[in-house]
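Engineer: Coordinates in start.cif, mmCIF, N, CA and C atoms, are listed below.
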data_target
loop_
_atom_site.label_atom_id
_atom_site.label_comp_id
_atom_site.auth_asym_id
_atom_site.auth_seq_id
_atom_site.Cartn_x
_atom_site.Cartn_y
_atom_site.Cartn_z
N MET Q 1 0.82 -1.19 0.00
CA MET Q 1 0.00 0.00 0.00
C MET Q 1 0.86 1.25 0.00
N LYS Q 2 1.96 1.18 0.74
CA LYS Q 2 2.84 2.33 0.83
C LYS Q 2 3.48 2.65 -0.51
N SER Q 3 3.77 1.67 -1.30
CA SER Q 3 4.40 1.91 -2.60
C SER Q 3 3.43 2.59 -3.57
N ILE Q 4 2.16 2.27 -3.48
CA ILE Q 4 1.16 2.93 -4.34
C ILE Q 4 1.04 4.40 -3.94
N LYS Q 5 1.05 4.64 -2.65
CA LYS Q 5 0.96 6.01 -2.14
C LYS Q 5 2.17 6.82 -2.59
N ASN Q 6 3.36 6.26 -2.46
CA ASN Q 6 4.57 6.97 -2.85
C ASN Q 6 4.59 7.24 -4.35
N SER Q 7 4.19 6.25 -5.14
CA SER Q 7 4.20 6.46 -6.59
C SER Q 7 3.17 7.52 -7.00
N PHE Q 8 2.04 7.59 -6.29
CA PHE Q 8 1.03 8.60 -6.59
C PHE Q 8 1.58 10.00 -6.31
N PHE Q 9 2.24 10.18 -5.17
CA PHE Q 9 2.82 11.48 -4.82
C PHE Q 9 3.95 11.85 -5.76
N LYS Q 10 4.73 10.87 -6.20
CA LYS Q 10 5.78 11.15 -7.17
C LYS Q 10 5.16 11.62 -8.48
N PHE Q 11 4.06 11.00 -8.87
CA PHE Q 11 3.36 11.39 -10.10
C PHE Q 11 2.87 12.84 -9.99
N LEU Q 12 2.30 13.19 -8.83
CA LEU Q 12 1.82 14.56 -8.62
C LEU Q 12 2.97 15.54 -8.65
N LYS Q 13 4.10 15.19 -8.07
CA LYS Q 13 5.25 16.05 -8.03
C LYS Q 13 5.79 16.32 -9.42
N VAL Q 14 5.83 15.30 -10.23
CA VAL Q 14 6.32 15.46 -11.60
C VAL Q 14 5.34 16.32 -12.41
N GLN Q 15 4.06 16.08 -12.25
CA GLN Q 15 3.06 16.85 -12.99
C GLN Q 15 3.09 18.32 -12.57
N SER Q 16 3.22 18.60 -11.31
CA SER Q 16 3.20 19.98 -10.86
C SER Q 16 4.46 20.72 -11.26
N ALA Q 17 5.57 20.03 -11.44
CA ALA Q 17 6.80 20.68 -11.85
C ALA Q 17 6.70 21.19 -13.28
N ASP Q 18 5.89 20.54 -14.12
CA ASP Q 18 5.76 20.95 -15.51
C ASP Q 18 4.81 22.13 -15.70
N THR Q 19 3.98 22.46 -14.73
CA THR Q 19 2.96 23.51 -14.90
C THR Q 19 3.19 24.68 -13.95
N ASN Q 20 4.41 25.07 -13.78
CA ASN Q 20 4.70 26.19 -12.88
C ASN Q 20 4.43 27.55 -13.48
N GLY Q 21 4.43 27.69 -14.79
CA GLY Q 21 4.26 29.01 -15.40
C GLY Q 21 3.37 28.96 -16.62
N PHE Q 22 3.33 30.10 -17.33
CA PHE Q 22 2.54 30.21 -18.55
C PHE Q 22 3.46 30.11 -19.75
N THR Q 23 2.93 29.62 -20.82
CA THR Q 23 3.72 29.59 -22.05
C THR Q 23 3.59 30.94 -22.73
N LEU Q 24 4.46 31.18 -23.68
CA LEU Q 24 4.46 32.45 -24.40
C LEU Q 24 3.15 32.62 -25.18
N ILE Q 25 2.64 31.56 -25.73
CA ILE Q 25 1.38 31.63 -26.48
C ILE Q 25 0.23 32.02 -25.56
N GLU Q 26 0.20 31.45 -24.36
CA GLU Q 26 -0.86 31.80 -23.41
C GLU Q 26 -0.77 33.27 -23.02
N LEU Q 27 0.42 33.78 -22.81
CA LEU Q 27 0.58 35.19 -22.46
C LEU Q 27 0.15 36.11 -23.61
N VAL Q 28 0.55 35.78 -24.83
CA VAL Q 28 0.17 36.61 -25.97
C VAL Q 28 -1.34 36.60 -26.15
N MET Q 29 -1.97 35.46 -26.05
CA MET Q 29 -3.43 35.37 -26.19
C MET Q 29 -4.15 36.16 -25.09
N THR Q 30 -3.63 36.09 -23.88
CA THR Q 30 -4.22 36.86 -22.77
C THR Q 30 -4.11 38.34 -23.04
N ILE Q 31 -2.97 38.80 -23.51
CA ILE Q 31 -2.79 40.22 -23.80
C ILE Q 31 -3.73 40.66 -24.92
N VAL Q 32 -3.87 39.86 -25.95
CA VAL Q 32 -4.76 40.20 -27.07
C VAL Q 32 -6.21 40.29 -26.59
N ILE Q 33 -6.64 39.32 -25.83
CA ILE Q 33 -8.03 39.31 -25.34
C ILE Q 33 -8.29 40.50 -24.42
N LEU Q 34 -7.37 40.77 -23.52
CA LEU Q 34 -7.54 41.92 -22.61
C LEU Q 34 -7.52 43.24 -23.39
N SER Q 35 -6.67 43.34 -24.40
CA SER Q 35 -6.62 44.57 -25.20
C SER Q 35 -7.94 44.81 -25.91
N VAL Q 36 -8.51 43.79 -26.50
CA VAL Q 36 -9.80 43.94 -27.18
C VAL Q 36 -10.88 44.33 -26.17
N ALA Q 37 -10.86 43.71 -25.02
CA ALA Q 37 -11.87 44.02 -24.00
C ALA Q 37 -11.74 45.45 -23.49
N VAL Q 38 -10.52 45.91 -23.25
CA VAL Q 38 -10.32 47.26 -22.73
C VAL Q 38 -10.72 48.30 -23.77
N VAL Q 39 -10.34 48.09 -25.03
CA VAL Q 39 -10.72 49.04 -26.08
C VAL Q 39 -12.23 49.09 -26.23
N SER Q 40 -12.89 47.95 -26.18
CA SER Q 40 -14.35 47.91 -26.29
C SER Q 40 -15.00 48.66 -25.14
N MET Q 41 -14.52 48.48 -23.96
CA MET Q 41 -15.09 49.16 -22.79
C MET Q 41 -14.86 50.67 -22.87
N MET Q 42 -13.71 51.09 -23.39
CA MET Q 42 -13.45 52.53 -23.53
C MET Q 42 -14.38 53.14 -24.57
N ASN Q 43 -14.60 52.45 -25.69
CA ASN Q 43 -15.54 52.95 -26.70
C ASN Q 43 -16.95 53.02 -26.14
N LEU Q 44 -17.35 52.03 -25.40
CA LEU Q 44 -18.67 52.01 -24.80
C LEU Q 44 -18.85 53.16 -23.82
N SER Q 45 -17.85 53.40 -22.99
CA SER Q 45 -17.98 54.47 -22.00
C SER Q 45 -18.02 55.84 -22.67
N SER Q 46 -17.25 56.05 -23.74
CA SER Q 46 -17.31 57.34 -24.43
C SER Q 46 -18.66 57.54 -25.10
N THR Q 47 -19.22 56.48 -25.67
CA THR Q 47 -20.54 56.57 -26.28
C THR Q 47 -21.60 56.89 -25.24
N VAL Q 48 -21.50 56.27 -24.09
CA VAL Q 48 -22.46 56.53 -23.01
C VAL Q 48 -22.37 57.98 -22.55
N LEU Q 49 -21.17 58.52 -22.44
CA LEU Q 49 -21.02 59.92 -22.03
C LEU Q 49 -21.62 60.87 -23.06
N ILE Q 50 -21.40 60.60 -24.34
CA ILE Q 50 -21.95 61.46 -25.38
C ILE Q 50 -23.48 61.41 -25.37
N LYS Q 51 -24.04 60.21 -25.31
CA LYS Q 51 -25.50 60.06 -25.31
C LYS Q 51 -26.12 60.68 -24.06
N SER Q 52 -25.43 60.57 -22.94
CA SER Q 52 -25.93 61.17 -21.70
C SER Q 52 -25.99 62.68 -21.83
N SER Q 53 -24.97 63.26 -22.43
CA SER Q 53 -24.95 64.71 -22.63
C SER Q 53 -26.06 65.13 -23.59
N GLN Q 54 -26.27 64.37 -24.67
CA GLN Q 54 -27.34 64.69 -25.60
C GLN Q 54 -28.71 64.56 -24.94
N SER Q 55 -28.86 63.57 -24.09
CA SER Q 55 -30.13 63.36 -23.38
C SER Q 55 -30.42 64.53 -22.45
N SER Q 56 -29.39 64.99 -21.78
CA SER Q 56 -29.55 66.13 -20.89
C SER Q 56 -29.94 67.39 -21.68
N ALA Q 57 -29.28 67.60 -22.83
CA ALA Q 57 -29.60 68.76 -23.66
C ALA Q 57 -31.02 68.67 -24.20
N LEU Q 58 -31.45 67.47 -24.59
CA LEU Q 58 -32.81 67.29 -25.10
C LEU Q 58 -33.84 67.57 -24.00
N SER Q 59 -33.58 67.10 -22.80
CA SER Q 59 -34.50 67.37 -21.68
C SER Q 59 -34.62 68.87 -21.42
N GLN Q 60 -33.50 69.57 -21.47
CA GLN Q 60 -33.52 71.02 -21.26
C GLN Q 60 -34.27 71.71 -22.40
N ALA Q 61 -34.07 71.25 -23.63
CA ALA Q 61 -34.77 71.85 -24.78
C ALA Q 61 -36.28 71.66 -24.66
N VAL Q 62 -36.71 70.50 -24.22
CA VAL Q 62 -38.15 70.25 -24.03
C VAL Q 62 -38.71 71.21 -23.00
N LEU Q 63 -38.00 71.40 -21.91
CA LEU Q 63 -38.47 72.33 -20.88
C LEU Q 63 -38.57 73.76 -21.40
N TYR Q 64 -37.56 74.19 -22.16
CA TYR Q 64 -37.59 75.55 -22.72
C TYR Q 64 -38.76 75.71 -23.70
N ALA Q 65 -39.02 74.71 -24.52
CA ALA Q 65 -40.12 74.79 -25.49
C ALA Q 65 -41.47 74.81 -24.78
N GLU Q 66 -41.64 73.95 -23.79
CA GLU Q 66 -42.91 73.92 -23.04
C GLU Q 66 -43.13 75.23 -22.28
N GLU Q 67 -42.05 75.79 -21.75
CA GLU Q 67 -42.16 77.07 -21.03
C GLU Q 67 -42.69 78.17 -21.95
N LYS Q 68 -42.13 78.25 -23.17
CA LYS Q 68 -42.56 79.28 -24.10
C LYS Q 68 -43.99 79.04 -24.58
N MET Q 69 -44.33 77.78 -24.80
CA MET Q 69 -45.69 77.46 -25.25
C MET Q 69 -46.70 77.85 -24.17
N GLU Q 70 -46.40 77.62 -22.93
CA GLU Q 70 -47.29 78.03 -21.83
C GLU Q 70 -47.41 79.55 -21.77
N GLU Q 71 -46.31 80.23 -22.04
CA GLU Q 71 -46.35 81.69 -22.05
C GLU Q 71 -47.26 82.19 -23.18
N ILE Q 72 -47.20 81.56 -24.32
CA ILE Q 72 -48.06 81.95 -25.46
C ILE Q 72 -49.52 81.67 -25.14
N ARG Q 73 -49.81 80.53 -24.54
CA ARG Q 73 -51.20 80.24 -24.14
C ARG Q 73 -51.71 81.25 -23.12
N ALA Q 74 -50.83 81.63 -22.20
CA ALA Q 74 -51.22 82.64 -21.21
C ALA Q 74 -51.47 83.98 -21.89
N ASP Q 75 -50.67 84.33 -22.91
CA ASP Q 75 -50.91 85.58 -23.65
C ASP Q 75 -52.27 85.56 -24.35
N LYS Q 76 -52.64 84.40 -24.89
CA LYS Q 76 -53.94 84.28 -25.57
C LYS Q 76 -55.09 84.52 -24.60
N ASN Q 77 -54.97 84.00 -23.39
CA ASN Q 77 -56.04 84.13 -22.40
C ASN Q 77 -55.97 85.43 -21.62
N ASN Q 78 -54.92 86.21 -21.80
CA ASN Q 78 -54.76 87.49 -21.11
C ASN Q 78 -55.64 88.54 -21.79
N PRO Q 79 -56.55 89.18 -21.03
CA PRO Q 79 -57.43 90.19 -21.64
C PRO Q 79 -56.65 91.37 -22.24
N GLY Q 80 -55.48 91.65 -21.73
CA GLY Q 80 -54.67 92.76 -22.24
C GLY Q 80 -53.94 92.41 -23.53
N ARG Q 81 -53.83 91.15 -23.85
CA ARG Q 81 -53.12 90.74 -25.07
C ARG Q 81 -54.08 90.03 -26.01
N GLY Q 82 -54.40 88.81 -25.78
CA GLY Q 82 -55.38 88.08 -26.58
C GLY Q 82 -54.82 87.47 -27.85
N PHE Q 83 -55.73 86.89 -28.63
CA PHE Q 83 -55.37 86.15 -29.83
C PHE Q 83 -54.69 87.03 -30.87
N ASP Q 84 -55.22 88.24 -31.06
CA ASP Q 84 -54.64 89.14 -32.07
C ASP Q 84 -53.20 89.51 -31.74
N TRP Q 85 -52.88 89.64 -30.49
CA TRP Q 85 -51.50 89.98 -30.09
C TRP Q 85 -50.55 88.84 -30.46
N ILE Q 86 -51.02 87.59 -30.26
CA ILE Q 86 -50.18 86.43 -30.58
C ILE Q 86 -49.85 86.39 -32.06
N THR Q 87 -50.81 86.70 -32.91
CA THR Q 87 -50.62 86.58 -34.36
C THR Q 87 -49.94 87.80 -34.97
N THR Q 88 -49.68 88.82 -34.19
CA THR Q 88 -48.98 90.00 -34.70
C THR Q 88 -47.49 89.68 -34.82
N ALA Q 89 -46.95 89.95 -36.00
CA ALA Q 89 -45.54 89.63 -36.26
C ALA Q 89 -44.62 90.46 -35.35
N GLY Q 90 -43.57 89.83 -34.89
CA GLY Q 90 -42.55 90.53 -34.10
C GLY Q 90 -42.75 90.50 -32.61
N ASN Q 91 -43.88 89.97 -32.13
CA ASN Q 91 -44.10 89.94 -30.68
C ASN Q 91 -43.26 88.88 -29.98
N TYR Q 92 -42.83 87.87 -30.72
CA TYR Q 92 -41.99 86.82 -30.14
C TYR Q 92 -40.69 86.75 -30.92
N SER Q 93 -39.66 87.30 -30.35
CA SER Q 93 -38.37 87.31 -31.04
C SER Q 93 -37.51 86.13 -30.58
N THR Q 94 -36.43 85.88 -31.31
CA THR Q 94 -35.51 84.80 -30.96
C THR Q 94 -34.80 85.15 -29.67
N GLU Q 95 -34.71 84.18 -28.78
CA GLU Q 95 -34.09 84.39 -27.47
C GLU Q 95 -32.83 83.54 -27.33
N ASN Q 96 -31.81 84.14 -26.76
CA ASN Q 96 -30.61 83.38 -26.39
C ASN Q 96 -30.75 83.01 -24.92
N LEU Q 97 -30.79 81.72 -24.66
CA LEU Q 97 -31.00 81.23 -23.31
C LEU Q 97 -29.68 80.75 -22.72
N ALA Q 98 -29.74 80.25 -21.51
CA ALA Q 98 -28.55 79.78 -20.82
C ALA Q 98 -27.95 78.55 -21.50
N ASN Q 99 -26.68 78.34 -21.32
CA ASN Q 99 -25.95 77.15 -21.78
C ASN Q 99 -26.00 76.93 -23.28
N GLY Q 100 -26.06 77.99 -24.07
CA GLY Q 100 -25.99 77.87 -25.52
C GLY Q 100 -27.29 77.52 -26.21
N PHE Q 101 -28.41 77.60 -25.54
CA PHE Q 101 -29.71 77.32 -26.16
C PHE Q 101 -30.26 78.59 -26.79
N THR Q 102 -30.93 78.43 -27.93
CA THR Q 102 -31.69 79.52 -28.54
C THR Q 102 -33.12 79.04 -28.77
N ARG Q 103 -34.05 79.98 -28.66
CA ARG Q 103 -35.46 79.62 -28.79
C ARG Q 103 -36.13 80.64 -29.70
N SER Q 104 -36.88 80.12 -30.67
CA SER Q 104 -37.62 81.01 -31.57
C SER Q 104 -39.06 80.52 -31.70
N VAL Q 105 -39.93 81.45 -32.08
CA VAL Q 105 -41.35 81.15 -32.22
C VAL Q 105 -41.77 81.50 -33.64
N ILE Q 106 -42.48 80.58 -34.28
CA ILE Q 106 -43.02 80.81 -35.62
C ILE Q 106 -44.54 80.74 -35.50
N VAL Q 107 -45.20 81.78 -35.97
CA VAL Q 107 -46.66 81.85 -35.91
C VAL Q 107 -47.20 81.98 -37.33
N ALA Q 108 -48.08 81.07 -37.69
CA ALA Q 108 -48.77 81.14 -38.99
C ALA Q 108 -50.26 81.18 -38.68
N ASP Q 109 -50.92 82.25 -39.13
CA ASP Q 109 -52.35 82.38 -38.83
C ASP Q 109 -53.20 82.22 -40.09
N GLY Q 110 -54.45 81.94 -39.86
CA GLY Q 110 -55.40 81.77 -40.95
C GLY Q 110 -56.81 81.70 -40.40
N SER Q 111 -57.76 81.38 -41.26
CA SER Q 111 -59.13 81.23 -40.80
C SER Q 111 -59.83 80.18 -41.65
N HIS Q 112 -60.83 79.57 -41.04
CA HIS Q 112 -61.62 78.55 -41.73
C HIS Q 112 -63.04 78.62 -41.18
N ASN Q 113 -64.01 78.79 -42.07
CA ASN Q 113 -65.43 78.90 -41.68
C ASN Q 113 -65.65 79.96 -40.61
N GLY Q 114 -64.96 81.08 -40.75
CA GLY Q 114 -65.16 82.20 -39.84
C GLY Q 114 -64.42 82.08 -38.51
N ILE Q 115 -63.63 81.02 -38.31
CA ILE Q 115 -62.87 80.87 -37.06
C ILE Q 115 -61.40 81.10 -37.38
N SER Q 116 -60.83 82.07 -36.69
CA SER Q 116 -59.40 82.35 -36.86
C SER Q 116 -58.59 81.34 -36.06
N TYR Q 117 -57.47 80.95 -36.61
CA TYR Q 117 -56.59 80.00 -35.91
C TYR Q 117 -55.14 80.42 -36.12
N ALA Q 118 -54.29 79.86 -35.31
CA ALA Q 118 -52.85 80.11 -35.44
C ALA Q 118 -52.10 78.80 -35.19
N LEU Q 119 -51.15 78.53 -36.06
CA LEU Q 119 -50.25 77.41 -35.88
C LEU Q 119 -49.00 77.97 -35.19
N ILE Q 120 -48.74 77.49 -34.00
CA ILE Q 120 -47.61 77.99 -33.21
C ILE Q 120 -46.53 76.91 -33.17
N GLU Q 121 -45.32 77.29 -33.53
CA GLU Q 121 -44.18 76.39 -33.46
C GLU Q 121 -43.10 77.04 -32.61
N VAL Q 122 -42.68 76.35 -31.58
CA VAL Q 122 -41.56 76.80 -30.75
C VAL Q 122 -40.39 75.87 -31.06
N VAL Q 123 -39.28 76.46 -31.51
CA VAL Q 123 -38.11 75.69 -31.91
C VAL Q 123 -36.95 76.06 -30.99
N VAL Q 124 -36.33 75.03 -30.40
CA VAL Q 124 -35.19 75.24 -29.51
C VAL Q 124 -33.97 74.57 -30.14
N HIS Q 125 -32.90 75.33 -30.27
CA HIS Q 125 -31.65 74.83 -30.84
C HIS Q 125 -30.55 74.80 -29.79
N HIS Q 126 -29.64 73.87 -29.99
CA HIS Q 126 -28.45 73.75 -29.14
C HIS Q 126 -27.38 73.07 -29.96
N GLY Q 127 -26.13 73.26 -29.63
CA GLY Q 127 -25.03 72.67 -30.37
C GLY Q 127 -25.06 71.15 -30.43
N GLU Q 128 -25.60 70.51 -29.41
CA GLU Q 128 -25.64 69.05 -29.36
C GLU Q 128 -26.91 68.47 -29.98
N LEU Q 129 -27.84 69.34 -30.36
CA LEU Q 129 -29.12 68.87 -30.92
C LEU Q 129 -29.32 69.45 -32.31
N SER Q 130 -30.04 68.74 -33.13
CA SER Q 130 -30.39 69.29 -34.44
C SER Q 130 -31.55 70.26 -34.30
N GLY Q 131 -32.18 70.28 -33.16
CA GLY Q 131 -33.30 71.18 -32.91
C GLY Q 131 -34.48 70.40 -32.35
N TYR Q 132 -35.22 71.03 -31.46
CA TYR Q 132 -36.42 70.42 -30.90
C TYR Q 132 -37.57 71.35 -31.22
N GLN Q 133 -38.66 70.81 -31.75
CA GLN Q 133 -39.80 71.62 -32.16
C GLN Q 133 -41.06 71.15 -31.46
N LEU Q 134 -41.78 72.11 -30.89
CA LEU Q 134 -43.06 71.85 -30.24
C LEU Q 134 -44.11 72.66 -31.00
N THR Q 135 -45.18 71.99 -31.43
CA THR Q 135 -46.19 72.63 -32.28
C THR Q 135 -47.57 72.47 -31.66
N THR Q 136 -48.39 73.53 -31.79
CA THR Q 136 -49.79 73.46 -31.35
C THR Q 136 -50.63 74.39 -32.22
N TRP Q 137 -51.92 74.19 -32.14
CA TRP Q 137 -52.89 75.04 -32.81
C TRP Q 137 -53.66 75.79 -31.75
N LEU Q 138 -53.89 77.07 -31.97
CA LEU Q 138 -54.75 77.88 -31.10
C LEU Q 138 -55.85 78.49 -31.95
N ALA Q 139 -57.04 78.50 -31.43
CA ALA Q 139 -58.18 79.08 -32.14
C ALA Q 139 -58.68 80.30 -31.39
N ASP Q 140 -59.23 81.26 -32.14
CA ASP Q 140 -59.76 82.48 -31.54
C ASP Q 140 -61.25 82.30 -31.29
N TYR Q 141 -61.57 81.70 -30.17
CA TYR Q 141 -62.98 81.55 -29.77
C TYR Q 141 -63.07 81.54 -28.28
#
Kindly present the structure from the file in structure tokens form.
Structural biologist:
Amino acid sequence: MKSIKNSFFKFLKVQSADTNGFTLIELVMTIVILSVAVVSMMNLSSTVLIKSSQSSALSQAVLYAEEKMEEIRADKNNPGRGFDWITTAGNYSTENLANGFTRSVIVADGSHNGISYALIEVVVHHGELSGYQLTTWLADY
């Protein structure tokens, strides 16, 4: 029994002596795999940062457009201004807002069956966006 035990331990000793390190091929493959993984993660993180910045700019543009649209609705309901004031050219000029945003208002008016209406477009621009547009119709009744 003792001889089987000794031969088993000798076998383990010989096997472990051959596997003390890595071969050159294993090291090269590890470096290649890690390089591809690191480059992929760096590209992913830069894409995430860019999209996050664009998302933030879009959220701000939506808020600026909704703010102006509410102001226009309030002007329509204001007895001192009203529908005619909204449709008068030049009452809403282009605004330069904080952080590089600009906001403009386009008003196109008309009438149908004796009811006057206005197509209101609020457009917000920013360097990171191609532009955000909010559109509504207002009627004079």
Engineer: Among the residues of chain Q, find those DSSP assigns to strand (DSSP E or B) from the backbone and print them as number ranges by chain.
Structural biologist: Q: 95-96, 102-112, 115-126, 129-139
Engineer: For the selection you just gave me, I'd like the residues written to a file as an mmCIF file, keeping the file's coordinate frame, keeping N, CA and C atoms.
Structural biologist:
data_model
loop_
_atom_site.group_PDB
_atom_site.id
_atom_site.type_symbol
_atom_site.label_atom_id
_atom_site.label_comp_id
_atom_site.auth_asym_id
_atom_site.auth_seq_id
_atom_site.Cartn_x
_atom_site.Cartn_y
_atom_site.Cartn_z
ATOM 1 N N GLU Q 95 -34.710 84.180 -28.780
ATOM 2 C CA GLU Q 95 -34.090 84.390 -27.470
ATOM 3 C C GLU Q 95 -32.830 83.540 -27.330
ATOM 4 N N ASN Q 96 -31.810 84.140 -26.760
ATOM 5 C CA ASN Q 96 -30.610 83.380 -26.390
ATOM 6 C C ASN Q 96 -30.750 83.010 -24.920
ATOM 7 N N THR Q 102 -30.930 78.430 -27.930
ATOM 8 C CA THR Q 102 -31.690 79.520 -28.540
ATOM 9 C C THR Q 102 -33.120 79.040 -28.770
ATOM 10 N N ARG Q 103 -34.050 79.980 -28.660
ATOM 11 C CA ARG Q 103 -35.460 79.620 -28.790
ATOM 12 C C ARG Q 103 -36.130 80.640 -29.700
ATOM 13 N N SER Q 104 -36.880 80.120 -30.670
ATOM 14 C CA SER Q 104 -37.620 81.010 -31.570
ATOM 15 C C SER Q 104 -39.060 80.520 -31.700
ATOM 16 N N VAL Q 105 -39.930 81.450 -32.080
ATOM 17 C CA VAL Q 105 -41.350 81.150 -32.220
ATOM 18 C C VAL Q 105 -41.770 81.500 -33.640
ATOM 19 N N ILE Q 106 -42.480 80.580 -34.280
ATOM 20 C CA ILE Q 106 -43.020 80.810 -35.620
ATOM 21 C C ILE Q 106 -44.540 80.740 -35.500
ATOM 22 N N VAL Q 107 -45.200 81.780 -35.970
ATOM 23 C CA VAL Q 107 -46.660 81.850 -35.910
ATOM 24 C C VAL Q 107 -47.200 81.980 -37.330
ATOM 25 N N ALA Q 108 -48.080 81.070 -37.690
ATOM 26 C CA ALA Q 108 -48.770 81.140 -38.990
ATOM 27 C C ALA Q 108 -50.260 81.180 -38.680
ATOM 28 N N ASP Q 109 -50.920 82.250 -39.130
ATOM 29 C CA ASP Q 109 -52.350 82.380 -38.830
ATOM 30 C C ASP Q 109 -53.200 82.220 -40.090
ATOM 31 N N GLY Q 110 -54.450 81.940 -39.860
ATOM 32 C CA GLY Q 110 -55.400 81.770 -40.950
ATOM 33 C C GLY Q 110 -56.810 81.700 -40.400
ATOM 34 N N SER Q 111 -57.760 81.380 -41.260
ATOM 35 C CA SER Q 111 -59.130 81.230 -40.800
ATOM 36 C C SER Q 111 -59.830 80.180 -41.650
ATOM 37 N N HIS Q 112 -60.830 79.570 -41.040
ATOM 38 C CA HIS Q 112 -61.620 78.550 -41.730
ATOM 39 C C HIS Q 112 -63.040 78.620 -41.180
ATOM 40 N N ILE Q 115 -63.630 81.020 -38.310
ATOM 41 C CA ILE Q 115 -62.870 80.870 -37.060
ATOM 42 C C ILE Q 115 -61.400 81.100 -37.380
ATOM 43 N N SER Q 116 -60.830 82.070 -36.690
ATOM 44 C CA SER Q 116 -59.400 82.350 -36.860
ATOM 45 C C SER Q 116 -58.590 81.340 -36.060
ATOM 46 N N TYR Q 117 -57.470 80.950 -36.610
ATOM 47 C CA TYR Q 117 -56.590 80.000 -35.910
ATOM 48 C C TYR Q 117 -55.140 80.420 -36.120
ATOM 49 N N ALA Q 118 -54.290 79.860 -35.310
ATOM 50 C CA ALA Q 118 -52.850 80.110 -35.440
ATOM 51 C C ALA Q 118 -52.100 78.800 -35.190
ATOM 52 N N LEU Q 119 -51.150 78.530 -36.060
ATOM 53 C CA LEU Q 119 -50.250 77.410 -35.880
ATOM 54 C C LEU Q 119 -49.000 77.970 -35.190
ATOM 55 N N ILE Q 120 -48.740 77.490 -34.000
ATOM 56 C CA ILE Q 120 -47.610 77.990 -33.210
ATOM 57 C C ILE Q 120 -46.530 76.910 -33.170
ATOM 58 N N GLU Q 121 -45.320 77.290 -33.530
ATOM 59 C CA GLU Q 121 -44.180 76.390 -33.460
ATOM 60 C C GLU Q 121 -43.100 77.040 -32.610
ATOM 61 N N VAL Q 122 -42.680 76.350 -31.580
ATOM 62 C CA VAL Q 122 -41.560 76.800 -30.750
ATOM 63 C C VAL Q 122 -40.390 75.870 -31.060
ATOM 64 N N VAL Q 123 -39.280 76.460 -31.510
ATOM 65 C CA VAL Q 123 -38.110 75.690 -31.910
ATOM 66 C C VAL Q 123 -36.950 76.060 -30.990
ATOM 67 N N VAL Q 124 -36.330 75.030 -30.400
ATOM 68 C CA VAL Q 124 -35.190 75.240 -29.510
ATOM 69 C C VAL Q 124 -33.970 74.570 -30.140
ATOM 70 N N HIS Q 125 -32.900 75.330 -30.270
ATOM 71 C CA HIS Q 125 -31.650 74.830 -30.840
ATOM 72 C C HIS Q 125 -30.550 74.800 -29.790
ATOM 73 N N HIS Q 126 -29.640 73.870 -29.990
ATOM 74 C CA HIS Q 126 -28.450 73.750 -29.140
ATOM 75 C C HIS Q 126 -27.380 73.070 -29.960
ATOM 76 N N LEU Q 129 -27.840 69.340 -30.360
ATOM 77 C CA LEU Q 129 -29.120 68.870 -30.920
ATOM 78 C C LEU Q 129 -29.320 69.450 -32.310
ATOM 79 N N SER Q 130 -30.040 68.740 -33.130
ATOM 80 C CA SER Q 130 -30.390 69.290 -34.440
ATOM 81 C C SER Q 130 -31.550 70.260 -34.300
ATOM 82 N N GLY Q 131 -32.180 70.280 -33.160
ATOM 83 C CA GLY Q 131 -33.300 71.180 -32.910
ATOM 84 C C GLY Q 131 -34.480 70.400 -32.350
ATOM 85 N N TYR Q 132 -35.220 71.030 -31.460
ATOM 86 C CA TYR Q 132 -36.420 70.420 -30.900
ATOM 87 C C TYR Q 132 -37.570 71.350 -31.220
ATOM 88 N N GLN Q 133 -38.660 70.810 -31.750
ATOM 89 C CA GLN Q 133 -39.800 71.620 -32.160
ATOM 90 C C GLN Q 133 -41.060 71.150 -31.460
ATOM 91 N N LEU Q 134 -41.780 72.110 -30.890
ATOM 92 C CA LEU Q 134 -43.060 71.850 -30.240
ATOM 93 C C LEU Q 134 -44.110 72.660 -31.000
ATOM 94 N N THR Q 135 -45.180 71.990 -31.430
ATOM 95 C CA THR Q 135 -46.190 72.630 -32.280
ATOM 96 C C THR Q 135 -47.570 72.470 -31.660
ATOM 97 N N THR Q 136 -48.390 73.530 -31.790
ATOM 98 C CA THR Q 136 -49.790 73.460 -31.350
ATOM 99 C C THR Q 136 -50.630 74.390 -32.220
ATOM 100 N N TRP Q 137 -51.920 74.190 -32.140
ATOM 101 C CA TRP Q 137 -52.890 75.040 -32.810
ATOM 102 C C TRP Q 137 -53.660 75.790 -31.750
ATOM 103 N N LEU Q 138 -53.890 77.070 -31.970
ATOM 104 C CA LEU Q 138 -54.750 77.880 -31.100
ATOM 105 C C LEU Q 138 -55.850 78.490 -31.950
ATOM 106 N N ALA Q 139 -57.040 78.500 -31.430
ATOM 107 C CA ALA Q 139 -58.180 79.080 -32.140
ATOM 108 C C ALA Q 139 -58.680 80.300 -31.390
#
Engineer: Could you jot down the atom CA of Q:Ser130 to atom CA of Q:Tyr92 separation for me, Å, one decimal place?
Structural biologist: 21.5 Å
Engineer: Evaluate the PyMOL selection byres ((chain Q and resi 65) around 8) and record the selected residues as a list in words, following the chain and residue labels used in the document.
Structural biologist: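 Written out, the selection comes to Ser59, Gln60, Ala61, Val62, Leu63, Tyr64, Glu66, Glu67, Lys68, Met69, Glu70, Glu71, Arg103, Val122, Val123, Val124, Tyr132, Gln133 and Leu134 of chain Q.
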Engineer: Carefully work through the PyMOL selection byres (((chain Q and resi 108 and name CA) around 12) and name CA) for this structure and note down the residues it includes, as a ChimeraX atom specification.
Structural biologist: /Q:86-89,105-107,109-111,116-122,135-139
Engineer: Going by DSSP on the backbone, which bits of chain Q are helix (DSSP H, G or I)? Write them as an MDAnalysis selection string, please.
Structural biologist: chainID Q and resid 2:18 24:77 82:87 98:100
Engineer: As an exercise, work out the distance from atom CA of Q:His125 to atom CA of Q:Thr94 in Å and give it to one decimal place.
Structural biologist: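 Distance between the two atoms: 10.7 Å.
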Engineer: Could you work out an axis-aligned box for stretch 58-73 of chain Q, taking every atom the file lists and adding 4 Å on each side, and report centre and edge lengths in Å to one decimal, as JSON?
Structural biologist:
{"center_x": -41.6, "center_y": 74.6, "center_z": -23.2, "size_x": 28.3, "size_y": 23.1, "size_z": 12.6}
